[in-house]
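Shown here: data_0.csv, CSV, C-alpha atoms and all ligand atoms.
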```csv
chain,number,residue,atom,x,y,z
U,1,MET,CA,101.1,89.8,78.9
U,2,SER,CA,102.7,87.2,81.3
U,3,LEU,CA,106.1,87.8,82.7
U,4,PRO,CA,109.2,86.4,80.9
U,5,LYS,CA,111.1,83.5,82.5
U,6,PRO,CA,114.4,84.5,84.0
U,7,SER,CA,116.4,83.0,81.0
U,8,GLU,CA,114.3,85.1,78.5
U,9,ARG,CA,114.6,88.3,80.4
U,10,ALA,CA,116.2,91.2,78.6
U,11,PHE,CA,114.1,93.8,80.2
U,12,VAL,CA,112.7,94.7,83.6
U,13,PRO,CA,108.9,95.1,84.1
U,14,PHE,CA,108.2,98.6,85.3
U,15,VAL,CA,105.0,99.6,87.0
U,16,SER,CA,104.2,103.2,86.4
U,17,VAL,CA,101.8,105.3,88.5
U,18,ALA,CA,99.2,104.9,85.7
U,19,ASN,CA,99.6,101.1,85.7
U,20,MET,CA,99.6,100.9,89.5
U,21,MET,CA,96.2,102.6,89.5
U,22,ALA,CA,94.9,100.4,86.7
U,23,LEU,CA,96.1,97.3,88.7
U,24,ILE,CA,94.2,98.5,91.8
U,25,HIS,CA,91.0,99.0,89.7
U,26,ALA,CA,91.5,95.6,88.1
U,27,VAL,CA,91.8,93.8,91.4
U,28,GLY,CA,89.5,96.1,93.4
U,29,LEU,CA,90.7,98.5,96.1
U,30,GLU,CA,89.4,96.6,99.1
U,31,ARG,CA,90.6,93.2,97.8
U,32,THR,CA,94.0,94.7,97.1
U,33,LEU,CA,94.2,95.9,100.7
U,34,VAL,CA,93.0,92.6,102.2
U,35,GLU,CA,95.5,90.6,100.0
U,36,LEU,CA,98.3,93.0,100.8
U,37,ALA,CA,97.6,92.7,104.5
U,38,ASP,CA,97.8,88.9,104.2
U,39,ALA,CA,101.1,89.1,102.3
U,40,ILE,CA,102.6,91.5,104.9
U,41,GLU,CA,101.4,89.3,107.7
U,42,THR,CA,102.8,86.1,106.1
U,43,ASP,CA,106.2,87.8,105.8
U,44,PHE,CA,106.1,89.0,109.5
U,45,LYS,CA,105.7,85.2,110.3
U,46,ARG,CA,109.0,84.6,108.5
U,47,TRP,CA,110.8,87.3,110.4
U,48,GLU,CA,114.0,85.5,111.2
U,49,LEU,CA,114.7,84.9,107.5
U,50,PHE,CA,115.0,88.6,106.6
U,51,ASP,CA,118.1,90.8,106.7
U,52,LYS,CA,117.1,93.7,108.9
U,53,THR,CA,118.7,97.1,109.3
U,54,PRO,CA,117.3,100.5,110.3
U,55,ARG,CA,116.7,102.4,107.1
U,56,VAL,CA,119.5,104.7,105.9
U,57,ALA,CA,118.3,108.3,106.3
U,58,ALA,CA,119.7,111.5,104.8
U,59,HIS,CA,118.2,114.4,106.7
U,60,SER,CA,117.9,118.0,105.5
U,61,PRO,CA,116.3,121.0,107.2
U,62,ASP,CA,112.9,120.4,105.5
U,63,GLY,CA,112.8,116.6,105.1
U,64,VAL,CA,114.4,113.3,104.8
U,65,ILE,CA,115.4,110.9,102.0
U,66,GLU,CA,115.6,107.2,103.0
U,67,LEU,CA,116.7,103.9,101.5
U,68,MET,CA,115.0,100.8,102.9
U,69,PRO,CA,116.7,97.5,102.0
U,70,THR,CA,115.9,93.9,103.0
U,71,SER,CA,116.2,90.3,101.7
U,72,ASP,CA,114.8,86.9,102.6
U,73,GLY,CA,117.8,85.2,100.9
U,74,GLU,CA,115.9,84.5,97.7
U,75,GLN,CA,114.8,88.0,96.8
U,76,TYR,CA,116.1,91.4,97.6
U,77,ALA,CA,114.2,94.7,97.7
U,78,PHE,CA,114.8,98.3,98.4
U,79,LYS,CA,112.6,101.4,98.5
U,80,TYR,CA,113.6,105.0,97.9
U,81,VAL,CA,111.3,107.3,99.8
U,82,ASN,CA,111.2,110.8,101.0
U,83,GLY,CA,109.3,112.7,103.7
U,84,HIS,CA,108.9,116.5,103.2
U,85,PRO,CA,106.0,117.9,105.1
U,86,LYS,CA,106.4,121.4,103.6
U,87,ASN,CA,105.9,119.9,100.0
U,88,THR,CA,102.1,120.1,100.0
U,89,ARG,CA,102.3,123.9,100.3
U,90,GLU,CA,104.1,123.9,96.9
U,91,GLY,CA,101.6,121.5,95.3
U,92,LEU,CA,103.9,118.5,95.8
U,93,GLN,CA,103.4,115.2,97.7
U,94,THR,CA,104.9,114.9,101.2
U,95,VAL,CA,105.9,111.3,100.3
U,96,GLN,CA,107.2,110.0,96.9
U,97,ALA,CA,108.7,106.6,96.5
U,98,PHE,CA,109.8,103.9,94.1
U,99,GLY,CA,111.3,100.5,94.7
U,100,LEU,CA,113.0,97.5,93.2
U,101,LEU,CA,112.8,93.8,93.6
U,102,ALA,CA,115.7,91.5,92.5
U,103,ASP,CA,116.7,87.8,92.4
U,104,VAL,CA,119.4,87.1,95.0
U,105,ASP,CA,120.7,84.2,92.9
U,106,THR,CA,121.7,86.3,89.9
U,107,GLY,CA,121.4,89.8,91.3
U,108,TYR,CA,119.2,90.8,88.4
U,109,PRO,CA,116.3,93.2,89.0
U,110,VAL,CA,112.9,91.6,88.4
U,111,LEU,CA,110.7,94.6,89.0
U,112,LEU,CA,110.9,98.3,89.2
U,113,SER,CA,107.8,100.0,90.5
U,114,GLU,CA,106.4,103.4,91.5
U,115,MET,CA,105.8,103.1,95.3
U,116,THR,CA,104.0,106.4,96.2
U,117,VAL,CA,100.6,104.8,95.7
U,118,LEU,CA,102.0,101.4,96.8
U,119,THR,CA,103.3,102.9,100.1
U,120,ALA,CA,99.9,104.3,100.9
U,121,LEU,CA,98.4,100.9,100.3
U,122,ARG,CA,101.0,99.0,102.2
U,123,THR,CA,101.0,101.4,105.1
U,124,ALA,CA,97.2,101.1,105.3
U,125,ALA,CA,97.3,97.3,105.0
U,126,THR,CA,99.9,97.1,107.7
U,127,SER,CA,97.9,99.3,110.1
U,128,ALA,CA,94.8,97.3,109.6
U,129,MET,CA,96.6,93.9,109.9
U,130,VAL,CA,98.2,95.1,113.2
U,131,ALA,CA,94.8,96.4,114.4
U,132,LYS,CA,93.3,93.0,113.7
U,133,HIS,CA,95.7,91.6,116.4
U,134,LEU,CA,95.5,94.6,118.8
U,135,ALA,CA,92.3,96.6,118.5
U,136,PRO,CA,89.1,95.6,120.4
U,137,LYS,CA,87.3,92.9,118.3
U,138,ASP,CA,84.1,94.9,118.3
U,139,ALA,CA,85.8,98.2,117.1
U,140,ARG,CA,83.6,99.8,114.5
U,141,VAL,CA,84.5,103.5,114.9
U,142,MET,CA,87.8,105.0,114.0
U,143,ALA,CA,89.0,108.6,114.4
U,144,MET,CA,91.2,109.6,111.5
U,145,ILE,CA,93.4,112.6,112.5
U,146,GLY,CA,95.3,114.0,109.5
U,147,ASN,CA,93.4,113.8,106.3
U,148,GLY,CA,96.2,114.0,103.8
U,149,ALA,CA,97.4,111.6,101.1
U,150,GLN,CA,97.5,108.5,103.3
U,151,SER,CA,94.2,109.0,105.1
U,152,GLU,CA,91.5,107.5,102.7
U,153,PHE,CA,93.7,104.4,102.2
U,154,GLN,CA,93.8,104.0,106.0
U,155,CYS,CA,90.1,104.3,106.3
U,156,MET,CA,89.5,101.8,103.5
U,157,ALA,CA,91.9,99.2,104.9
U,158,PHE,CA,90.3,99.4,108.3
U,159,LYS,CA,86.9,98.8,106.6
U,160,ALA,CA,88.1,95.9,104.5
U,161,VAL,CA,90.3,94.2,107.1
U,162,CYS,CA,88.8,95.0,110.5
U,163,GLY,CA,85.1,95.8,109.7
U,164,VAL,CA,85.3,99.5,110.8
U,165,ASP,CA,82.0,101.1,109.6
U,166,THR,CA,82.4,104.7,110.8
U,167,VAL,CA,85.3,107.1,110.4
U,168,ARG,CA,85.5,110.5,112.2
U,169,LEU,CA,87.8,112.8,110.3
U,170,TYR,CA,89.8,115.8,111.6
U,171,ASP,CA,92.6,117.9,110.0
U,172,ILE,CA,93.8,121.4,110.9
U,173,ASP,CA,93.1,122.2,107.3
U,174,ALA,CA,89.4,121.9,106.8
U,175,GLY,CA,90.0,121.6,103.1
U,176,ALA,CA,91.8,118.3,103.6
U,177,THR,CA,88.9,117.0,105.6
U,178,ALA,CA,86.4,118.1,102.9
U,179,LYS,CA,88.5,116.3,100.3
U,180,ALA,CA,88.5,113.1,102.3
U,181,VAL,CA,84.8,113.3,102.8
U,182,ARG,CA,84.3,113.7,99.1
U,183,ASN,CA,86.6,110.8,98.3
U,184,LEU,CA,84.9,108.5,100.8
U,185,GLU,CA,81.4,109.3,99.6
U,186,GLU,CA,80.8,106.0,97.9
U,187,SER,CA,83.0,103.9,100.2
U,188,GLY,CA,80.2,102.4,102.2
U,189,LEU,CA,81.6,104.0,105.4
U,190,ASN,CA,79.7,106.5,107.6
U,191,VAL,CA,81.9,109.5,107.3
U,192,VAL,CA,81.8,112.3,110.0
U,193,ALA,CA,83.7,115.5,109.5
U,194,CYS,CA,84.8,116.9,112.9
U,195,ALA,CA,85.8,120.4,114.0
U,196,SER,CA,88.4,119.4,116.6
U,197,PRO,CA,90.5,116.4,117.4
U,198,GLU,CA,88.5,116.0,120.7
U,199,GLU,CA,85.3,115.7,118.6
U,200,ALA,CA,87.0,113.2,116.3
U,201,VAL,CA,87.9,110.8,119.1
U,202,GLU,CA,84.4,110.7,120.7
U,203,GLY,CA,83.2,107.1,120.7
U,204,ALA,CA,86.2,105.9,118.7
U,205,GLN,CA,87.7,102.5,119.7
U,206,ILE,CA,90.6,103.1,117.2
U,207,ILE,CA,92.5,106.4,116.8
U,208,THR,CA,94.7,106.8,113.8
U,209,THR,CA,97.1,109.8,113.7
U,210,CYS,CA,98.6,110.5,110.3
U,211,THR,CA,99.8,114.1,110.3
U,212,ALA,CA,102.9,115.6,108.8
U,213,ASP,CA,104.9,118.1,110.6
U,214,LYS,CA,108.7,118.2,111.2
U,215,GLN,CA,108.5,118.7,115.0
U,216,TYR,CA,107.6,117.1,118.3
U,217,ALA,CA,103.8,117.7,117.8
U,218,THR,CA,101.0,116.9,120.2
U,219,ILE,CA,98.2,115.6,118.1
U,220,LEU,CA,96.8,113.6,121.0
U,221,THR,CA,96.9,114.7,124.6
U,222,ASP,CA,96.6,112.2,127.4
U,223,ASN,CA,93.0,113.0,128.2
U,224,MET,CA,91.9,112.2,124.7
U,225,VAL,CA,92.8,108.5,124.9
U,226,GLY,CA,90.4,106.5,127.0
U,227,ALA,CA,90.7,103.0,128.4
U,228,GLY,CA,90.5,100.2,125.8
U,229,VAL,CA,91.4,102.3,122.8
U,230,HIS,CA,93.9,101.1,120.1
U,231,VAL,CA,96.1,103.9,118.8
U,232,ASN,CA,97.6,103.6,115.3
U,233,ALA,CA,100.3,106.3,115.2
U,234,ILE,CA,101.5,106.6,111.6
U,235,GLY,CA,102.8,110.2,111.2
U,236,GLY,CA,105.7,110.2,113.7
U,237,ASP,CA,108.4,108.5,111.7
U,238,CYS,CA,111.6,110.5,111.9
U,239,PRO,CA,114.0,111.8,114.6
U,240,GLY,CA,112.4,115.0,116.0
U,241,LYS,CA,108.9,114.2,114.5
U,242,THR,CA,106.3,112.7,116.8
U,243,GLU,CA,102.6,113.0,117.4
U,244,LEU,CA,101.6,111.8,120.9
U,245,HIS,CA,102.0,113.3,124.3
U,246,ARG,CA,104.5,111.3,126.3
U,247,ASP,CA,102.0,110.4,129.0
U,248,ILE,CA,100.0,108.4,126.5
U,249,LEU,CA,103.0,106.3,125.8
U,250,LEU,CA,103.4,105.6,129.5
U,251,ARG,CA,99.8,104.3,129.8
U,252,SER,CA,100.0,102.2,126.7
U,253,ASP,CA,101.4,98.8,125.7
U,254,ILE,CA,103.6,99.6,122.8
U,255,PHE,CA,104.0,97.4,119.7
U,256,VAL,CA,106.7,98.1,117.1
U,257,GLU,CA,108.0,96.7,113.8
U,258,TYR,CA,111.8,96.7,114.3
U,259,PRO,CA,113.0,98.2,117.6
U,260,PRO,CA,116.4,99.4,116.4
U,261,GLN,CA,114.6,101.6,113.8
U,262,THR,CA,111.6,102.6,115.9
U,263,ARG,CA,113.8,103.7,118.8
U,264,ILE,CA,115.4,106.3,116.5
U,265,GLU,CA,112.3,107.3,114.5
U,266,GLY,CA,109.1,106.4,116.4
U,267,GLU,CA,107.0,107.9,119.2
U,268,ILE,CA,109.3,105.9,121.6
U,269,GLN,CA,112.2,108.2,120.9
U,270,ALA,CA,110.6,110.2,123.7
U,271,LEU,CA,111.2,107.3,126.1
U,272,PRO,CA,114.3,105.8,127.7
U,273,GLU,CA,116.1,103.2,125.5
U,274,ASP,CA,115.1,100.3,127.8
U,275,HIS,CA,111.4,101.1,127.9
U,276,PRO,CA,109.7,97.8,127.1
U,277,VAL,CA,108.1,97.3,123.7
U,278,THR,CA,106.7,94.2,122.0
U,279,GLU,CA,107.8,93.2,118.5
U,280,LEU,CA,104.9,92.7,116.2
U,281,TRP,CA,106.2,89.5,114.6
U,282,GLN,CA,106.0,87.8,118.0
U,283,VAL,CA,102.4,88.8,118.5
U,284,ILE,CA,101.5,87.7,114.9
U,285,ARG,CA,103.2,84.3,115.5
U,286,GLY,CA,101.4,83.9,118.8
U,287,GLU,CA,104.7,84.1,120.8
U,288,ALA,CA,103.9,87.3,122.7
U,289,ALA,CA,100.6,88.7,124.1
U,290,GLY,CA,98.7,91.3,122.1
U,291,ARG,CA,95.5,92.7,123.6
U,292,VAL,CA,94.9,90.9,126.8
U,293,ASP,CA,92.1,93.0,128.4
U,294,ALA,CA,89.3,95.3,127.5
U,295,ARG,CA,90.7,98.4,129.3
U,296,GLN,CA,94.2,98.1,127.9
U,297,ILE,CA,95.5,100.9,125.6
U,298,THR,CA,97.4,99.3,122.7
U,299,LEU,CA,99.7,101.5,120.6
U,300,PHE,CA,101.1,100.6,117.2
U,301,ASP,CA,104.1,103.0,116.9
U,302,SER,CA,104.3,102.7,113.2
U,303,VAL,CA,107.3,104.0,111.2
U,304,GLY,CA,107.1,101.6,108.2
U,305,PHE,CA,109.6,98.8,107.8
U,306,ALA,CA,111.5,97.4,104.8
U,307,THR,CA,109.8,94.0,104.9
U,308,GLU,CA,106.4,95.6,104.3
U,309,ASP,CA,107.8,97.1,101.1
U,310,PHE,CA,109.3,93.8,100.2
U,311,SER,CA,105.9,92.1,100.6
U,312,ALA,CA,104.2,94.8,98.6
U,313,LEU,CA,106.7,94.5,95.7
U,314,ARG,CA,106.3,90.7,95.7
U,315,TYR,CA,102.5,91.1,95.7
U,316,VAL,CA,102.7,93.5,92.7
U,317,ARG,CA,105.0,91.2,90.8
U,318,ASP,CA,102.6,88.3,91.3
U,319,ALA,CA,99.7,90.4,90.3
U,320,LEU,CA,101.5,91.3,87.0
U,321,GLU,CA,101.4,87.5,86.1
U,322,ARG,CA,97.6,87.8,86.1
U,323,HIS,CA,96.9,91.3,84.9
U,324,GLY,CA,100.0,92.5,82.9
U,325,MET,CA,99.9,96.2,83.3
U,326,TYR,CA,103.6,97.0,83.1
U,327,ASP,CA,106.1,98.5,80.7
U,328,ARG,CA,109.2,96.8,79.5
U,329,LEU,CA,112.2,98.8,80.8
U,330,ASP,CA,115.5,98.4,78.9
U,331,MET,CA,117.8,98.5,81.9
U,332,LEU,CA,119.6,95.1,81.6
U,333,ALA,CA,122.7,95.0,79.4
U,334,ASP,CA,122.4,91.8,77.5
U,335,PRO,CA,125.4,91.2,75.0
U,336,ASP,CA,125.3,87.7,73.3
U,337,ASP,CA,128.7,87.0,74.9
U,338,PRO,CA,128.4,88.2,78.5
U,339,ARG,CA,132.0,89.4,78.5
U,340,ASP,CA,131.6,91.4,75.4
U,341,LEU,CA,130.0,94.5,76.9
U,342,PHE,CA,132.4,96.8,75.1
U,343,GLY,CA,131.6,95.1,71.7
U,344,MET,CA,127.9,95.6,72.4
U,345,VAL,CA,128.5,99.3,72.8
U,346,GLN,CA,130.6,99.5,69.7
U,347,ARG,CA,128.0,97.7,67.6
U,348,ALA,CA,125.4,100.3,68.7
U,349,ARG,CA,127.4,103.1,67.1
U,350,PRO,CA,125.2,105.0,64.6
U,351,ALA,CA,126.2,104.6,61.0
U,352,ASP,CA,128.0,107.7,59.6
J,1,LIG,P1,100.2,114.8,103.8
J,1,LIG,O1,101.1,116.0,103.9
J,1,LIG,O2,99.5,114.5,102.6
J,1,LIG,O3,99.0,114.9,105.0
J,1,LIG,C1,99.3,115.3,106.3
J,1,LIG,C2,98.0,116.0,106.8
J,1,LIG,O4,98.3,116.3,108.2
J,1,LIG,C3,97.8,117.3,106.1
J,1,LIG,O5,96.5,117.4,105.6
J,1,LIG,C4,97.9,118.4,107.3
J,1,LIG,O6,97.0,119.5,107.2
J,1,LIG,C5,97.6,117.5,108.5
J,1,LIG,N1,98.1,118.0,109.8
J,1,LIG,C6,99.3,118.6,110.1
J,1,LIG,N2,99.3,118.9,111.4
J,1,LIG,C7,98.2,118.6,111.9
J,1,LIG,C8,97.6,118.7,113.2
J,1,LIG,N3,98.3,119.2,114.2
J,1,LIG,N4,96.3,118.2,113.4
J,1,LIG,C9,95.6,117.6,112.4
J,1,LIG,N5,96.1,117.5,111.1
J,1,LIG,C10,97.4,118.0,110.9
J,1,LIG,O7,101.0,113.5,104.3
J,1,LIG,P2,100.7,112.0,104.2
J,1,LIG,O8,101.4,111.5,102.9
J,1,LIG,O9,99.3,111.7,104.4
J,1,LIG,O10,101.6,111.4,105.4
J,1,LIG,C11,101.3,111.7,106.7
J,1,LIG,C12,102.4,111.3,107.6
J,1,LIG,O11,102.5,109.9,107.6
J,1,LIG,C13,103.7,111.9,107.2
J,1,LIG,O12,104.4,112.3,108.3
J,1,LIG,C14,104.5,110.7,106.6
J,1,LIG,O13,105.9,110.8,106.8
J,1,LIG,C15,103.9,109.5,107.4
J,1,LIG,N6,104.0,108.2,106.8
J,1,LIG,C16,104.2,107.2,107.6
J,1,LIG,C17,104.2,105.9,107.1
J,1,LIG,C18,104.5,104.7,108.0
J,1,LIG,O14,104.7,103.6,107.5
J,1,LIG,N7,104.4,104.9,109.3
J,1,LIG,C19,104.0,105.7,105.7
J,1,LIG,C20,103.7,106.8,104.9
J,1,LIG,C21,103.7,108.1,105.5
```

Can I see the file as structure tokens?
Ligand code: NAD
Amino acid sequence: MSLPKPSERAFVPFVSVANMMALIHAVGLERTLVELADAIETDFKRWELFDKTPRVAAHSPDGVIELMPTSDGEQYAFKYVNGHPKNTREGLQTVQAFGLLADVDTGYPVLLSEMTVLTALRTAATSAMVAKHLAPKDARVMAMIGNGAQSEFQCMAFKAVCGVDTVRLYDIDAGATAKAVRNLEESGLNVVACASPEEAVEGAQIITTCTADKQYATILTDNMVGAGVHVNAIGGDCPGKTELHRDILLRSDIFVEYPPQTRIEGEIQALPEDHPVTELWQVIRGEAAGRVDARQITLFDSVGFATEDFSALRYVRDALERHGMYDRLDMLADPDDPRDLFGMVQRARPAD
């Protein structure tokens, strides 16, 4: 089922969770992650073309709801996403998301998609793409601290994109670690369940933190991060929600997506406004240094930026051309005479 041309469009393709999962299996998980990482990297190279703004956040005592818009002038995208760490206690996801892609020319939506699974994929693909630029080239062992919804996606992206072959898992909830061990059984990774964060970081050249707690947490203390390590800090992504001890930040070279957003939401909210950080797009374009020596600690202070969701939605839309796997959503009003919206409603009146 190929997609309709714009002139024939009276519906919006909608990718449900079921179809997103079918798409991943049709393409293959690792291939999806590699292709997504490429798509995200390609858009980082076109950085100046994008409208950029810190996401719009509505905070509440237990979480946050955010809107993340961007456009490259030809297409426009936004994601609706929440972050509610208490949700898992009630059997709900911490993060749920959906997103929309539209043509700038007409303003018409061209894709509506679930983005809970897609966010896990794009966050993992972004982490691994960034690590390709910043982590030691021979890094094969990753500590994965926080074994919730995002964690296996992170592990698989680091395998597929960076060649990581061993993951050392830790979570305060041993049940979460056991779940991740089970899920990664046939992944081809060596999977080691650890009883403490200190054990998890032993021998790891990459440390990923991906925990959820609405507080200034200390998942990593200074003594846990040795020379030469790349830290991929995913979980601290809101004001008042961080994962790393401040001393680690002071010893690291810090790389960020979009400074005006990361200063508010990232690990660097603990640092003065003028603390130097490097923008990733500059490293990706070869205009700023990434890792320059073997003893340097590199830190990706990840918060998730709108261009990554834009890239992911465009990737999914292209994949629909090859694989179908969408529903037709009746969300475009389409009267024969574009000015006769009222007449269209009248003609839809049920017969008496
Ligand atoms: P989740 O609730 O499914 O998993 C979080 C896990 O962290 C849980 O298993 C929990 O037991 C564990 N945890 C909490 N405190 C811990 C501690 N002190 N030590 C070890 N483990 C601990 O959440 P998720 O969907 O996996 O998301 C994780 C975090 O990543 C959230 O904070 C979310 O907001 C963030 N996130 C960031 C991005 C990004 O782009 N940077 C994208 C998606 C999610």

Quiz item: Looking at all atoms listed in the file, which of U:Arg55, U:Arg31, U:Lys214, U:Arg46 is the one that sits closest to ligand LIG 1 (chain J)?
Solution: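 For ligand LIG 1 (chain J), the nearest of the given residues is U:Lys214.
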
Practice problem: Taking all atoms listed in the file into account, report as JSON, numbers by chain which residues have an atom no farther than 8 Å from an atom of ligand LIG 1 (chain J). | Solution: {"U": [82, 83, 84, 85, 86, 87, 88, 93, 94, 95, 119, 120, 122, 123, 145, 146, 147, 148, 149, 150, 151, 170, 171, 172, 173, 174, 176, 177, 197, 210, 211, 212, 213, 214, 217, 218, 219, 233, 234, 235, 236, 237, 238, 241, 301, 302, 303, 304, 305]}

Any chance you could export the current selection's C-alpha atoms as an mmCIF file, in the coordinates of the input?
```cif
data_model
loop_
_atom_site.group_PDB
_atom_site.id
_atom_site.type_symbol
_atom_site.label_atom_id
_atom_site.label_comp_id
_atom_site.auth_asym_id
_atom_site.auth_seq_id
_atom_site.Cartn_x
_atom_site.Cartn_y
_atom_site.Cartn_z
ATOM 1 C CA ASN U 82 111.200 110.800 101.000
ATOM 2 C CA GLY U 83 109.300 112.700 103.700
ATOM 3 C CA HIS U 84 108.900 116.500 103.200
ATOM 4 C CA PRO U 85 106.000 117.900 105.100
ATOM 5 C CA LYS U 86 106.400 121.400 103.600
ATOM 6 C CA ASN U 87 105.900 119.900 100.000
ATOM 7 C CA THR U 88 102.100 120.100 100.000
ATOM 8 C CA GLN U 93 103.400 115.200 97.700
ATOM 9 C CA THR U 94 104.900 114.900 101.200
ATOM 10 C CA VAL U 95 105.900 111.300 100.300
ATOM 11 C CA THR U 119 103.300 102.900 100.100
ATOM 12 C CA ALA U 120 99.900 104.300 100.900
ATOM 13 C CA ARG U 122 101.000 99.000 102.200
ATOM 14 C CA THR U 123 101.000 101.400 105.100
ATOM 15 C CA ILE U 145 93.400 112.600 112.500
ATOM 16 C CA GLY U 146 95.300 114.000 109.500
ATOM 17 C CA ASN U 147 93.400 113.800 106.300
ATOM 18 C CA GLY U 148 96.200 114.000 103.800
ATOM 19 C CA ALA U 149 97.400 111.600 101.100
ATOM 20 C CA GLN U 150 97.500 108.500 103.300
ATOM 21 C CA SER U 151 94.200 109.000 105.100
ATOM 22 C CA TYR U 170 89.800 115.800 111.600
ATOM 23 C CA ASP U 171 92.600 117.900 110.000
ATOM 24 C CA ILE U 172 93.800 121.400 110.900
ATOM 25 C CA ASP U 173 93.100 122.200 107.300
ATOM 26 C CA ALA U 174 89.400 121.900 106.800
ATOM 27 C CA ALA U 176 91.800 118.300 103.600
ATOM 28 C CA THR U 177 88.900 117.000 105.600
ATOM 29 C CA PRO U 197 90.500 116.400 117.400
ATOM 30 C CA CYS U 210 98.600 110.500 110.300
ATOM 31 C CA THR U 211 99.800 114.100 110.300
ATOM 32 C CA ALA U 212 102.900 115.600 108.800
ATOM 33 C CA ASP U 213 104.900 118.100 110.600
ATOM 34 C CA LYS U 214 108.700 118.200 111.200
ATOM 35 C CA ALA U 217 103.800 117.700 117.800
ATOM 36 C CA THR U 218 101.000 116.900 120.200
ATOM 37 C CA ILE U 219 98.200 115.600 118.100
ATOM 38 C CA ALA U 233 100.300 106.300 115.200
ATOM 39 C CA ILE U 234 101.500 106.600 111.600
ATOM 40 C CA GLY U 235 102.800 110.200 111.200
ATOM 41 C CA GLY U 236 105.700 110.200 113.700
ATOM 42 C CA ASP U 237 108.400 108.500 111.700
ATOM 43 C CA CYS U 238 111.600 110.500 111.900
ATOM 44 C CA LYS U 241 108.900 114.200 114.500
ATOM 45 C CA ASP U 301 104.100 103.000 116.900
ATOM 46 C CA SER U 302 104.300 102.700 113.200
ATOM 47 C CA VAL U 303 107.300 104.000 111.200
ATOM 48 C CA GLY U 304 107.100 101.600 108.200
ATOM 49 C CA PHE U 305 109.600 98.800 107.800
#
```

Exercise: U:Lys137 partners within 12 Å, all atoms listed in the file, chain neighbours under 4 positions left out, as an mmCIF file with C-alpha atoms, in the coordinates of the input:
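The resulting file, around-v1.cif, is shown below:
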```cif
data_model
loop_
_atom_site.group_PDB
_atom_site.id
_atom_site.type_symbol
_atom_site.label_atom_id
_atom_site.label_comp_id
_atom_site.auth_asym_id
_atom_site.auth_seq_id
_atom_site.Cartn_x
_atom_site.Cartn_y
_atom_site.Cartn_z
ATOM 1 C CA ALA U 131 94.800 96.400 114.400
ATOM 2 C CA LYS U 132 93.300 93.000 113.700
ATOM 3 C CA HIS U 133 95.700 91.600 116.400
ATOM 4 C CA VAL U 141 84.500 103.500 114.900
ATOM 5 C CA VAL U 161 90.300 94.200 107.100
ATOM 6 C CA CYS U 162 88.800 95.000 110.500
ATOM 7 C CA GLY U 163 85.100 95.800 109.700
ATOM 8 C CA VAL U 164 85.300 99.500 110.800
ATOM 9 C CA GLN U 205 87.700 102.500 119.700
ATOM 10 C CA ILE U 206 90.600 103.100 117.200
ATOM 11 C CA GLY U 228 90.500 100.200 125.800
ATOM 12 C CA VAL U 229 91.400 102.300 122.800
ATOM 13 C CA HIS U 230 93.900 101.100 120.100
ATOM 14 C CA ARG U 291 95.500 92.700 123.600
ATOM 15 C CA VAL U 292 94.900 90.900 126.800
ATOM 16 C CA ASP U 293 92.100 93.000 128.400
ATOM 17 C CA ALA U 294 89.300 95.300 127.500
#
```

Practice problem: Select, from U:Glu35, U:Asp105, U:Glu48, U:Asp330, the residue with the minimum atom-to-atom distance to U:Thr307, counting all atoms listed in the file. | Solution: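 So, comparing all the options, the nearest one is U:Glu48.
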
Quiz prompt | Separation of atom CA of U:Asp318 from atom CA of U:Tyr76 in Å | solution =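 Here the two named atoms are 15.2 Å from each other.
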
Exercise. Kindly indicate which residue among U:Phe310, U:Phe342, U:Leu134, U:Gly63 lies nearest to U:Thr278, using all atoms listed in the file for the distances.
Key: U:Leu134

Practice problem: Quick one: everything within 8 Å of stretch 107-111 of chain U, counting only C-alpha atoms, minus sequence neighbours fewer than 5 positions away in the same chain. Send it as a ChimeraX atom specification. | Solution: /U:12-15,100-102,313,317

Practice problem: Show which residues sit within 12 Å of U:Ala10, as number ranges by chain. Count all atoms listed in the file, and ignore same-chain residues fewer than 5 positions away. | Solution: U: 3-5, 108-110, 328-336

Exercise. Using atom CA of U:Ala319 and atom CA of U:Ala22 as the two end points, give the distance in Å to one decimal.
Key: 11.7 Å

Quiz prompt | Contacts of U:Tyr80 at 7 Å (all atoms listed in the file; same-chain gap of 5+ positions) as a list in words | solution =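 Skipping anything fewer than 5 positions along the chain leaves Glu66, Leu67, Met68, Ala97, Phe98 and Gly99 of chain U.
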
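Compared by their closest atoms to U:Met115, and using only C-alpha atoms, the residues U:Val225, U:Met142, U:Ala18, U:Leu320 rank with U:Ala18 nearest.
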
Exercise. Rounded to one decimal place, report the atom CA of U:Gly188-atom CA of U:Leu118 distance in Å.
Key: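 So the two atoms, atom CA of U:Gly188 and atom CA of U:Leu118, lie 22.5 Å apart.
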
Quiz item: So, counting only C-alpha atoms, which residue among U:Ile284, U:Ile297, U:Ala128, U:Ala193 is closest to U:Phe44?
Solution: U:Ile284

Quiz item: Pick the closest to U:Thr116 from U:Val192, U:Leu184, U:Ala312, U:Ala157: which is it, counting all atoms listed in the file?
Solution: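 Checking each candidate against U:Thr116, we get U:Ala312 as the closest.
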
Quiz item: Near U:Pro239, counting only C-alpha atoms, which residues have an atom at most 12 Å away, once you skip same-chain residues fewer than 4 positions from it, shown as a list in words?
Solution: Ala57, Ala58, His59, Ser60, Gly63, Val64, Gly83, Asp213, Lys214, Gln215, Tyr216, Gly235, Glu243, Gln261, Thr262, Arg263, Ile264, Glu265, Gly266, Glu267, Ile268, Gln269, Ala270 and Val303 of chain U
